[in-house]
file run18.cif (mmCIF, C-alpha atoms)
data_run
#
loop_
_atom_site.label_atom_id
_atom_site.label_comp_id
_atom_site.auth_asym_id
_atom_site.auth_seq_id
_atom_site.Cartn_x
_atom_site.Cartn_y
_atom_site.Cartn_z
CA MET R 1 32.76 -28.73 41.17
CA LYS R 2 32.66 -24.94 41.22
CA CYS R 3 33.49 -24.86 37.48
CA LEU R 4 30.66 -27.31 36.75
CA LEU R 5 28.18 -25.19 38.73
CA LEU R 6 29.34 -22.07 36.91
CA ILE R 7 28.82 -23.70 33.52
CA LEU R 8 25.34 -24.92 34.52
CA PHE R 9 24.49 -21.42 35.76
CA LEU R 10 25.59 -19.90 32.45
CA LEU R 11 23.65 -22.47 30.46
CA LEU R 12 20.47 -21.86 32.42
CA ASN R 13 20.84 -18.12 32.03
CA SER R 14 21.49 -18.50 28.30
CA PHE R 15 17.86 -19.65 28.03
CA GLN R 16 16.79 -16.32 29.47
CA LEU R 17 18.94 -14.38 27.00
CA LEU R 18 16.77 -15.55 24.11
CA ALA R 19 19.90 -16.10 22.01
CA TYR R 20 18.21 -18.87 20.06
CA GLU R 21 19.16 -19.86 16.54
CA SER R 22 17.00 -21.42 13.85
CA ASP R 23 17.77 -22.95 10.48
CA GLN R 24 15.77 -22.24 7.34
CA HIS R 25 18.48 -23.84 5.17
CA THR R 26 17.60 -27.32 6.44
CA VAL R 27 14.11 -27.63 5.02
CA PRO R 28 11.35 -30.21 5.46
CA ASP R 29 10.17 -32.35 2.57
CA TYR R 30 6.61 -31.23 3.20
CA GLU R 31 4.64 -27.99 3.31
CA LEU R 32 3.95 -26.19 6.58
CA ALA R 33 0.57 -24.77 7.56
CA ASP R 34 0.33 -20.99 7.41
CA VAL R 35 -0.55 -19.60 10.85
CA GLY R 36 -0.30 -15.89 10.06
CA GLU R 37 -4.01 -15.29 10.54
CA ASP R 38 -3.97 -17.27 13.79
CA MET R 39 -1.17 -15.05 15.12
CA SER R 40 -3.10 -11.92 14.17
CA LYS R 41 -6.23 -13.20 15.93
CA PHE R 42 -4.23 -14.02 19.06
CA ILE R 43 -2.66 -10.54 19.23
CA HIS R 44 -6.01 -8.91 18.43
CA ASN R 45 -7.68 -10.74 21.32
CA ARG R 46 -4.91 -9.70 23.71
CA ILE R 47 -5.24 -6.09 22.56
CA LEU R 48 -8.98 -6.23 23.30
CA ARG R 49 -8.17 -7.60 26.76
CA ALA R 50 -5.89 -4.62 27.38
CA LEU R 51 -8.51 -2.18 26.08
CA GLY R 52 -11.03 -3.60 28.54
CA LYS R 53 -8.72 -2.69 31.41
CA ILE R 54 -7.81 0.71 29.98
CA ASN R 55 -11.41 1.71 29.31
CA ALA R 56 -12.51 0.52 32.75
CA THR R 57 -10.18 3.05 34.39
CA PRO R 58 -12.28 6.04 35.58
CA ASP R 59 -10.15 8.94 34.34
CA LYS R 60 -8.55 7.09 31.35
CA ASP R 61 -5.73 9.62 31.49
CA PHE R 62 -3.02 7.51 29.87
CA THR R 63 0.02 8.57 27.89
CA GLU R 64 0.95 6.77 24.68
CA ALA R 65 3.81 5.03 26.48
CA GLN R 66 1.48 3.78 29.23
CA ILE R 67 -1.09 2.45 26.75
CA VAL R 68 1.55 0.58 24.76
CA GLU R 69 3.07 -0.79 27.97
CA LEU R 70 -0.30 -2.17 29.10
CA ILE R 71 -0.88 -3.78 25.71
CA HIS R 72 2.61 -5.30 25.65
CA LYS R 73 2.04 -6.83 29.09
CA GLU R 74 -0.85 -8.84 27.67
CA PHE R 75 1.43 -10.90 25.42
CA GLY R 76 5.10 -10.04 26.09
CA GLY R 77 5.55 -12.68 28.77
CA THR R 78 3.56 -15.15 26.70
CA MET R 79 6.00 -14.75 23.82
CA THR R 80 8.95 -15.40 26.12
CA TRP R 81 7.26 -18.58 27.32
CA GLN R 82 6.51 -19.67 23.73
CA ASP R 83 10.20 -19.24 22.87
CA GLN R 84 11.14 -21.43 25.81
CA LEU R 85 8.47 -24.03 25.15
CA ASP R 86 9.78 -24.44 21.63
CA GLY R 87 13.52 -23.83 21.95
CA VAL R 88 14.25 -25.23 25.41
CA PHE R 89 11.65 -27.95 25.90
CA GLY R 90 10.77 -28.84 22.30
CA ARG R 91 7.04 -28.49 22.96
CA ARG R 92 4.32 -27.16 20.69
CA LEU R 93 3.31 -23.48 20.70
CA THR R 94 0.22 -22.98 22.84
CA ILE R 95 -0.83 -19.68 21.24
CA PHE R 96 -2.28 -21.60 18.29
CA PRO R 97 -5.57 -23.49 18.78
CA TYR R 98 -4.30 -26.77 17.37
CA PRO R 99 -3.53 -29.31 20.15
CA ASP R 100 -2.23 -31.90 17.69
CA ASN R 101 0.11 -29.29 16.12
CA TYR R 102 -1.58 -29.73 12.73
CA LYS R 103 -3.72 -27.25 10.80
CA ASP R 104 -5.70 -28.37 7.76
CA GLY R 105 -3.71 -31.59 7.72
CA LEU R 106 -0.34 -29.82 7.66
CA PRO R 107 2.20 -29.54 10.52
CA ILE R 108 2.60 -26.10 12.06
CA ASN R 109 6.36 -26.16 12.63
CA TYR R 110 9.53 -28.00 11.69
CA LEU R 111 12.64 -28.66 13.79
CA PRO R 112 15.73 -30.09 12.03
CA PRO R 113 17.62 -32.85 13.85
CA LYS R 114 20.09 -31.60 16.48
CA LEU R 115 22.99 -33.05 14.51
CA GLY R 116 21.41 -32.37 11.14
CA ASN R 117 21.21 -28.59 10.98
CA ILE R 118 23.74 -26.16 9.51
CA TYR R 119 25.11 -25.30 12.97
CA SER R 120 25.90 -28.91 13.87
CA PHE R 121 29.61 -29.41 14.65
CA SER R 122 30.31 -25.67 14.29
CA GLY R 123 30.15 -24.61 17.93
CA PHE R 124 32.33 -26.98 19.94
CA HIS R 125 34.86 -24.19 20.52
CA ARG R 126 32.27 -22.15 22.43
CA VAL R 127 31.28 -22.53 26.08
CA LEU R 128 27.78 -21.37 25.16
CA SER R 129 26.31 -22.25 21.80
CA SER R 130 22.59 -22.31 21.15
CA SER R 131 23.32 -24.68 18.27
CA TYR R 132 23.33 -27.34 20.95
CA PHE R 133 21.43 -25.97 23.91
CA VAL R 134 18.64 -23.74 22.58
CA PHE R 135 17.65 -24.31 18.98
CA CYS R 136 14.17 -23.36 17.82
CA SER R 137 11.89 -24.66 15.10
CA SER R 138 10.59 -22.84 12.01
CA LEU R 139 7.02 -22.01 11.04
CA LYS R 140 5.19 -20.11 8.30
CA MET R 141 3.17 -16.91 8.49
CA TYR R 142 1.73 -15.04 5.51
CA GLY R 143 3.86 -17.21 3.23
CA ILE R 144 7.12 -16.38 5.09
CA TYR R 145 9.15 -19.26 6.57
CA PHE R 146 11.11 -18.20 9.68
CA GLY R 147 12.27 -19.24 13.16
CA VAL R 148 10.05 -19.14 16.24
CA ASP R 149 12.71 -16.95 17.89
CA LYS R 150 11.64 -14.09 15.63
CA LEU R 151 8.33 -13.84 17.53
CA GLY R 152 10.21 -13.02 20.72
CA HIS R 153 12.35 -10.51 18.87
CA MET R 154 9.33 -8.88 17.27
CA PHE R 155 7.09 -8.54 20.31
CA ASN R 156 9.66 -8.19 23.12
CA GLN R 157 12.79 -6.62 21.64
CA GLY R 158 10.49 -4.57 19.39
CA TYR R 159 8.86 -3.20 22.53
CA GLN R 160 12.28 -2.40 24.00
CA TYR R 161 12.98 -0.40 20.83
CA PHE R 162 9.78 1.50 21.53
CA GLU R 163 10.93 2.22 25.10
CA VAL R 164 14.32 3.49 23.91
CA TYR R 165 12.56 5.65 21.32
CA GLN R 166 10.18 7.12 23.92
CA ARG R 167 13.03 7.96 26.31
CA ALA R 168 14.97 9.65 23.53
CA ARG R 169 11.94 11.68 22.49
CA ALA R 170 11.31 12.68 26.10
CA GLY R 171 14.92 13.86 26.22
CA GLY R 172 14.37 16.19 23.27
CA ALA R 173 15.51 13.98 20.37
CA ARG R 174 13.76 14.29 17.02
CA LYS R 175 11.91 11.29 15.60
CA LYS R 176 14.76 10.28 13.31
CA GLU R 177 17.33 10.58 16.09
CA ALA R 178 15.14 8.63 18.52
CA THR R 179 14.61 5.88 15.95
CA GLN R 180 18.36 5.63 15.38
CA ALA R 181 18.88 5.36 19.14
CA ALA R 182 16.53 2.35 19.18
CA VAL R 183 18.32 0.74 16.22
CA ASP R 184 21.71 1.33 17.85
CA TRP R 185 20.46 -0.32 21.03
CA GLY R 186 19.39 -3.35 18.96
CA ILE R 187 22.75 -3.55 17.20
CA GLY R 188 24.42 -3.53 20.59
CA THR R 189 22.34 -6.46 21.81
CA GLU R 190 22.94 -8.45 18.61
CA ASP R 191 26.65 -7.82 19.05
CA GLY R 192 26.20 -8.90 22.66
CA ILE R 193 23.94 -11.19 24.70
CA PHE R 194 21.23 -11.74 22.08
CA GLY R 195 23.68 -12.81 19.39
CA ARG R 196 27.40 -12.77 18.81
CA ILE R 197 28.66 -13.27 22.38
CA VAL R 198 26.43 -16.27 23.08
CA THR R 199 26.28 -17.94 19.65
CA GLY R 200 28.89 -16.29 17.44
CA VAL R 201 26.09 -15.19 15.09
CA TYR R 202 25.09 -11.64 14.13
CA SER R 203 21.60 -12.18 12.78
CA ASN R 204 20.27 -9.61 10.34
CA GLY R 205 16.95 -11.45 10.62
CA ASP R 206 16.80 -10.83 14.37
CA LEU R 207 17.35 -7.11 13.87
CA ALA R 208 14.71 -7.00 11.15
CA ALA R 209 12.25 -8.68 13.53
CA ASN R 210 13.14 -6.14 16.24
CA TYR R 211 12.44 -3.29 13.85
CA ALA R 212 9.21 -4.84 12.56
CA GLY R 213 8.00 -5.13 16.16
CA PHE R 214 8.99 -1.53 16.83
CA MET R 215 6.86 -0.42 13.87
CA PHE R 216 3.96 -2.53 15.16
CA TYR R 217 4.09 -0.72 18.52
CA GLN R 218 4.38 2.63 16.75
CA ASN R 219 1.35 1.71 14.65
CA LEU R 220 -0.82 1.05 17.70
CA LEU R 221 -1.55 4.78 18.08
CA ASN R 222 0.15 6.37 15.07
CA THR R 223 -0.06 6.28 11.30
CA ILE R 224 3.05 4.69 9.79
CA SER R 225 4.29 4.73 6.20
CA LEU R 226 5.83 1.59 4.69
CA LYS R 227 7.14 1.76 1.14
CA GLY R 228 4.94 4.75 0.40
CA LYS R 229 1.77 3.10 1.75
CA GLU R 230 0.16 4.57 4.83
CA PHE R 231 -1.26 2.40 7.61
CA PRO R 232 -3.65 4.26 9.95
CA PRO R 233 -3.33 3.63 13.70
CA ILE R 234 -4.62 0.30 14.97
CA LEU R 235 -6.37 2.05 17.87
CA VAL R 236 -8.28 5.34 18.04
CA PHE R 237 -10.05 7.31 20.75
CA GLU R 238 -13.79 7.81 20.55
CA SER R 239 -15.37 11.17 21.45
CA ASP R 240 -16.21 9.89 24.94
CA GLY R 241 -12.57 9.03 25.59
CA TYR R 242 -12.87 5.27 25.10
CA LEU R 243 -10.11 3.56 23.14
CA LYS R 244 -11.25 1.18 20.42
CA VAL R 245 -9.92 -0.80 17.45
CA ASN R 246 -9.81 1.31 14.28
CA PHE R 247 -11.70 -0.63 11.63
CA GLU R 248 -10.22 1.58 8.93
CA ARG R 249 -6.88 -0.09 9.76
CA VAL R 250 -8.12 -3.50 10.95
CA GLU R 251 -10.71 -4.25 8.29
CA LYS R 252 -9.88 -7.96 8.59
CA ILE R 253 -8.58 -9.20 11.94
CA SER R 254 -6.69 -11.99 10.17
CA ASP R 255 -4.54 -9.36 8.38
CA LEU R 256 -3.67 -7.29 11.47
CA LEU R 257 0.03 -8.29 11.48
CA LYS R 258 0.49 -8.96 7.78
CA PRO R 259 2.46 -5.73 7.05
CA PHE R 260 5.11 -6.71 9.58
CA PHE R 261 5.95 -10.23 8.40
CA THR R 262 8.40 -9.97 5.52
CA SER R 263 11.14 -12.09 3.95
CA HIS R 264 13.65 -10.28 6.17
CA LEU R 265 12.79 -12.80 8.90
CA ASN R 266 14.00 -15.74 6.82
CA GLU R 267 17.73 -16.35 7.33
CA VAL R 268 18.18 -17.93 3.91
CA MET R 269 16.88 -14.80 2.19
CA ASN R 270 18.44 -12.50 4.80
CA PRO R 271 21.65 -14.32 5.80
CA SER R 272 23.52 -13.91 9.07
CA ARG R 273 27.11 -12.99 9.76
CA PHE R 274 29.09 -15.83 11.38
CA GLU R 275 32.30 -15.72 13.37
CA PHE R 276 35.36 -17.08 11.56
CA ALA R 277 35.59 -20.38 13.48
CA GLN R 278 32.04 -21.35 12.44
CA ARG R 279 31.97 -19.92 8.96
CA GLY R 280 33.73 -22.73 7.05
CA ILE R 281 31.64 -25.53 8.56
CA ILE R 282 28.36 -23.66 8.02
CA LYS R 283 29.32 -22.73 4.45
CA LYS R 284 29.90 -26.39 3.60
CA ALA R 285 26.62 -27.37 5.26
CA ILE R 286 24.68 -24.82 3.19
CA LYS R 287 26.28 -25.94 -0.06
CA ASN R 288 25.32 -29.54 0.74
CA ARG R 289 21.70 -28.40 1.00
CA CYS R 290 21.52 -26.37 -2.21
CA GLN R 291 19.35 -28.83 -4.10
CA ASN R 292 16.78 -29.06 -1.30
CA ILE R 293 16.82 -25.29 -0.77
CA LYS R 294 16.06 -24.62 -4.44
CA LYS R 295 13.25 -27.16 -4.43
CA PHE R 296 11.64 -25.99 -1.20
CA TYR R 297 11.72 -22.27 -2.06
CA GLN R 298 11.00 -22.93 -5.75
CA TRP R 299 14.02 -20.98 -6.97
CA ASP R 300 15.26 -21.63 -10.49
CA SER R 301 17.98 -18.99 -10.64
CA ALA R 302 19.68 -16.31 -8.55
CA ALA R 303 17.29 -13.81 -10.12
CA ASP R 304 14.53 -15.27 -7.93
CA LEU R 305 16.31 -13.87 -4.87
CA ASN R 306 16.55 -10.18 -4.07
CA PHE R 307 19.32 -9.75 -1.53
CA GLU R 308 19.50 -5.97 -1.99
CA GLU R 309 15.96 -5.68 -0.68
CA MET R 310 17.15 -7.20 2.61
CA THR R 311 19.65 -4.43 3.36
CA SER R 312 16.84 -2.18 4.61
CA TRP R 313 13.42 -2.88 6.11
CA MET R 314 10.85 -1.33 3.78
CA GLY R 315 13.52 1.23 2.87
CA LEU R 316 14.31 1.93 6.54
CA PRO R 317 17.76 1.20 8.06
CA TYR R 318 17.59 -1.49 10.75
CA GLY R 319 21.24 -2.43 11.40
CA HIS R 320 21.91 -4.82 8.53
CA ARG R 321 25.53 -5.87 8.04
CA GLY R 322 26.57 -7.08 4.61
CA ASP R 323 30.14 -8.26 5.15
CA ASN R 324 31.14 -11.94 5.35
CA LEU R 325 27.63 -13.23 4.64
CA LEU R 326 26.95 -16.73 3.28
CA LYS R 327 24.54 -15.89 0.48
CA VAL R 328 22.59 -18.68 -1.17
CA GLU R 329 22.67 -16.86 -4.50
CA GLU R 330 26.46 -17.16 -4.44
CA LEU R 331 26.79 -20.62 -2.89
CA CYS R 332 24.05 -22.38 -4.82
CA PHE R 333 23.76 -20.53 -8.13
CA ASN R 334 27.31 -19.40 -8.89
#

call {"tool": "encode", "arguments": {"input": "run18.cif", "output": "structure tokens"}}
result
Amino acid sequence: MKCLLLILFLLLNSFQLLAYESDQHTVPDYELADVGEDMSKFIHNRILRALGKINATPDKDFTEAQIVELIHKEFGGTMTWQDQLDGVFGRRLTIFPYPDNYKDGLPINYLPPKLGNIYSFSGFHRVLSSSYFVFCSSLKMYGIYFGVDKLGHMFNQGYQYFEVYQRARAGGARKKEATQAAVDWGIGTEDGIFGRIVTGVYSNGDLAANYAGFMFYQNLLNTISLKGKEFPPILVFESDGYLKVNFERVEKISDLLKPFFTSHLNEVMNPSRFEFAQRGIIKKAIKNRCQNIKKFYQWDSAADLNFEEMTSWMGLPYGHRGDNLLKVEELCFN
């Protein structure tokens, strides 16, 4: 009885660890609606809500860390709940204004069958395996197809990167050193409770989402440079001390988050590293899906993929590991 209670306790806590997996190799036979602009509008509205509280404070004497913390509070918990709605309960995402889960006649997300995804039958050797207990659906934003779990990584783990960075800077570290401290923290979690320990998977896509979220939080009050292009801060102070949205950066609300959603989030284009006991089963499952993968992503040859681009995020190191990966360009085109 005690063993059963212990297992149930671990399972329930695994939901809190956010060690979800998703599968972009098992693809639908239909197109998904693109909800990138809807996500940007949601985050924009929550930022405005935070600004209302910040600007209503008499002295408005906030540090950068305090401002970012207040903004994160407006949607951090919501993202955790969205992860659980989707991955644990199999319910629709409530952040999108489509009660029937359809936009313009197209479904918003896709969840492969429990015994019909690439992880099926690969995790029986594990006490905890999100292949069976917490498995999330995929959706599309700005043309990128990725798992719902990446939203939690982007907006929650990305914020934790920002906290690590701020602490390092306060301790005297230079920007590069502080950034590396944040990346190292993320690698540790992917090697631990957010990845390998719970599921046996080291997800490069998760780490890319963490880093993208970190850059989003940096961009709230700072100019960032991505691939040589500068993005002014999302927020600026007016002469009277009020904080407002910078229309030089947010010319179109629907494009607010567009710079941060890249192919790195897709685990076909940016493959994960699997533990040995799972690797053979997953490899076979991917090869069995090659025809559907090529059709869905409209790939005619390996030249259509650019794996080397995945090894860094916009030229910035984010913790990518390139050993023992199951690359579609090798499995399906070689």

call {"tool": "closest_residue", "arguments": {"input": "run18.cif", "among": "R:Cys332, R:Leu48, R:Leu111, R:Val35", "to": "Asn246 in chain R", "atoms": "only C-alpha atoms"}}
result
R:Leu48

call {"tool": "closest_residue", "arguments": {"input": "run18.cif", "among": "R:His153, R:Lys60, R:Lys283, R:Arg273", "to": "Gly213 in chain R", "atoms": "only C-alpha atoms"}}
result
R:His153

call {"tool": "atom_distance", "arguments": {"input": "run18.cif", "atom1": "CA of Phe42 in chain R", "atom2": "CA of Gly87 in chain R"}}
result
20.5 Å

call {"tool": "residues_near_point", "arguments": {"input": "run18.cif", "point": "(10.8, -28.4, 19.0)", "cutoff": "7 Å", "atoms": "all atoms listed in the file", "output": "VMD selection string"}}
result
chain R and resid 86 to 87 89 to 92 111 136 to 137

call {"tool": "residues_around", "arguments": {"input": "run18.cif", "residues": "Asp255 in chain R", "least_positions_apart": "5", "cutoff": "8 Å", "atoms": "all atoms listed in the file", "output": "list in words"}}
result
Gly36, Glu37, Ser40 and Val250 of chain R

call {"tool": "atom_distance", "arguments": {"input": "run18.cif", "atom1": "CA of Arg169 in chain R", "atom2": "CA of Val245 in chain R"}}
result
25.7 Å

call {"tool": "resolve_selection", "arguments": {"input": "run18.cif", "expression": "the PyMOL selection byres ((chain R and resi 311) around 9)", "output": "ChimeraX atom specification"}}
result
/R:204,264,270,307-310,312-313,315-322

call {"tool": "closest_atom_pairs", "arguments": {"input": "run18.cif", "of": "range 146-201 of chain R", "to": "range 68-78 of chain R", "cutoff": "10 Å", "atoms": "all atoms listed in the file", "output": "JSON lines"}}
result
{"residue": "R:Leu151", "atom": "CA", "partner": "R:Gly76", "partner_atom": "CA", "distance": 9.9}
{"residue": "R:Gly152", "atom": "CA", "partner": "R:Gly76", "partner_atom": "CA", "distance": 8.0}
{"residue": "R:Met154", "atom": "CA", "partner": "R:Gly76", "partner_atom": "CA", "distance": 9.9}
{"residue": "R:Phe155", "atom": "CA", "partner": "R:Gly76", "partner_atom": "CA", "distance": 6.3}
{"residue": "R:Asn156", "atom": "CA", "partner": "R:Gly76", "partner_atom": "CA", "distance": 5.7}
{"residue": "R:Gln157", "atom": "CA", "partner": "R:Gly76", "partner_atom": "CA", "distance": 9.5}
{"residue": "R:Tyr159", "atom": "CA", "partner": "R:His72", "partner_atom": "CA", "distance": 7.3}
{"residue": "R:Phe162", "atom": "CA", "partner": "R:Val68", "partner_atom": "CA", "distance": 8.9}
{"residue": "R:Glu163", "atom": "CA", "partner": "R:Glu69", "partner_atom": "CA", "distance": 8.9}

call {"tool": "residues_near_point", "arguments": {"input": "run18.cif", "point": "(-7.8, -21.7, 16.2)", "cutoff": "9 Å", "atoms": "all atoms listed in the file", "output": "ChimeraX atom specification"}}
result
/R:38,41-42,95-98,103

call {"tool": "resolve_selection", "arguments": {"input": "run18.cif", "expression": "the PyMOL selection byres ((chain R and resi 224) around 12)", "output": "MDAnalysis selection string"}}
result
chainID R and resid 212 214:223 225:234 249 259:260 314

call {"tool": "resolve_selection", "arguments": {"input": "run18.cif", "expression": "the PyMOL selection byres ((chain R and resi 150) around 12)", "output": "ChimeraX atom specification"}}
result
/R:18-23,79-80,82-83,87,136-141,144-149,151-158,194,203-213,260-267

call {"tool": "closest_residue", "arguments": {"input": "run18.cif", "among": "R:Ala277, R:Ile47, R:Val268, R:Ala170", "to": "Glu329 in chain R", "atoms": "only C-alpha atoms"}}
result
R:Val268

call {"tool": "closest_residue", "arguments": {"input": "run18.cif", "among": "R:Gly105, R:Gly143, R:Pro113, R:Gly172", "to": "Lys258 in chain R", "atoms": "all atoms listed in the file"}}
result
R:Gly143

call {"tool": "atom_distance", "arguments": {"input": "run18.cif", "atom1": "CA of Asn292 in chain R", "atom2": "CA of Gly116 in chain R"}}
result
13.7 Å

call {"tool": "closest_residue", "arguments": {"input": "run18.cif", "among": "R:Ala285, R:Glu248, R:Asp59, R:Tyr161", "to": "Leu115 in chain R", "atoms": "only C-alpha atoms"}}
result
R:Ala285

call {"tool": "closest_residue", "arguments": {"input": "run18.cif", "among": "R:Arg279, R:His25, R:Lys294, R:Lys287", "to": "Gly200 in chain R", "atoms": "all atoms listed in the file"}}
result
R:Arg279

call {"tool": "decode", "arguments": {"input": "run18.cif", "residues": "range 24-77 of chain R", "atoms": "C-alpha atoms", "output": "PDB file, in the first residue's frame"}}
result
ATOM      1  CA  GLN R  24       5.692  16.655 -34.141  1.00  0.00           C
ATOM      2  CA  HIS R  25       6.690  13.476 -36.025  1.00  0.00           C
ATOM      3  CA  THR R  26       3.146  12.098 -35.802  1.00  0.00           C
ATOM      4  CA  VAL R  27       1.363  14.653 -37.946  1.00  0.00           C
ATOM      5  CA  PRO R  28      -2.312  15.295 -38.688  1.00  0.00           C
ATOM      6  CA  ASP R  29      -3.723  14.861 -42.179  1.00  0.00           C
ATOM      7  CA  TYR R  30      -5.098  18.389 -42.044  1.00  0.00           C
ATOM      8  CA  GLU R  31      -3.784  21.922 -41.594  1.00  0.00           C
ATOM      9  CA  LEU R  32      -3.822  23.644 -38.204  1.00  0.00           C
ATOM     10  CA  ALA R  33      -4.972  27.214 -37.643  1.00  0.00           C
ATOM     11  CA  ASP R  34      -2.182  29.688 -36.952  1.00  0.00           C
ATOM     12  CA  VAL R  35      -2.696  31.310 -33.543  1.00  0.00           C
ATOM     13  CA  GLY R  36       0.519  33.345 -33.374  1.00  0.00           C
ATOM     14  CA  GLU R  37      -1.293  36.670 -33.541  1.00  0.00           C
ATOM     15  CA  ASP R  38      -3.776  35.510 -30.907  1.00  0.00           C
ATOM     16  CA  MET R  39      -0.903  34.659 -28.555  1.00  0.00           C
ATOM     17  CA  SER R  40       0.669  38.072 -29.124  1.00  0.00           C
ATOM     18  CA  LYS R  41      -2.626  39.823 -28.386  1.00  0.00           C
ATOM     19  CA  PHE R  42      -3.079  37.811 -25.189  1.00  0.00           C
ATOM     20  CA  ILE R  43       0.409  38.671 -23.906  1.00  0.00           C
ATOM     21  CA  HIS R  44      -0.016  42.308 -24.969  1.00  0.00           C
ATOM     22  CA  ASN R  45      -3.253  42.596 -22.986  1.00  0.00           C
ATOM     23  CA  ARG R  46      -1.618  41.079 -19.908  1.00  0.00           C
ATOM     24  CA  ILE R  47       1.300  43.503 -20.232  1.00  0.00           C
ATOM     25  CA  LEU R  48      -1.175  46.405 -20.325  1.00  0.00           C
ATOM     26  CA  ARG R  49      -2.815  45.018 -17.191  1.00  0.00           C
ATOM     27  CA  ALA R  50       0.559  45.025 -15.436  1.00  0.00           C
ATOM     28  CA  LEU R  51       1.323  48.552 -16.650  1.00  0.00           C
ATOM     29  CA  GLY R  52      -1.956  49.756 -15.155  1.00  0.00           C
ATOM     30  CA  LYS R  53      -0.831  48.531 -11.738  1.00  0.00           C
ATOM     31  CA  ILE R  54       2.718  49.842 -12.121  1.00  0.00           C
ATOM     32  CA  ASN R  55       1.633  53.295 -13.269  1.00  0.00           C
ATOM     33  CA  ALA R  56      -0.969  53.524 -10.494  1.00  0.00           C
ATOM     34  CA  THR R  57       1.781  53.241  -7.874  1.00  0.00           C
ATOM     35  CA  PRO R  58       2.493  56.751  -6.482  1.00  0.00           C
ATOM     36  CA  ASP R  59       6.302  56.785  -6.546  1.00  0.00           C
ATOM     37  CA  LYS R  60       6.730  54.324  -9.496  1.00  0.00           C
ATOM     38  CA  ASP R  61      10.219  53.622  -8.199  1.00  0.00           C
ATOM     39  CA  PHE R  62      10.653  50.146  -9.668  1.00  0.00           C
ATOM     40  CA  THR R  63      13.809  48.319 -10.679  1.00  0.00           C
ATOM     41  CA  GLU R  64      13.956  46.419 -13.963  1.00  0.00           C
ATOM     42  CA  ALA R  65      13.714  43.132 -12.066  1.00  0.00           C
ATOM     43  CA  GLN R  66      10.585  44.289 -10.218  1.00  0.00           C
ATOM     44  CA  ILE R  67       8.876  45.468 -13.418  1.00  0.00           C
ATOM     45  CA  VAL R  68       9.570  42.198 -15.201  1.00  0.00           C
ATOM     46  CA  GLU R  69       8.400  40.229 -12.159  1.00  0.00           C
ATOM     47  CA  LEU R  70       5.080  42.098 -12.094  1.00  0.00           C
ATOM     48  CA  ILE R  71       4.571  41.504 -15.810  1.00  0.00           C
ATOM     49  CA  HIS R  72       5.421  37.807 -15.500  1.00  0.00           C
ATOM     50  CA  LYS R  73       2.874  37.417 -12.703  1.00  0.00           C
ATOM     51  CA  GLU R  74       0.136  38.461 -15.112  1.00  0.00           C
ATOM     52  CA  PHE R  75       0.561  35.348 -17.256  1.00  0.00           C
ATOM     53  CA  GLY R  76       3.102  32.973 -15.673  1.00  0.00           C
ATOM     54  CA  GLY R  77       0.520  31.076 -13.641  1.00  0.00           C
TER      55      GLY R  77
END
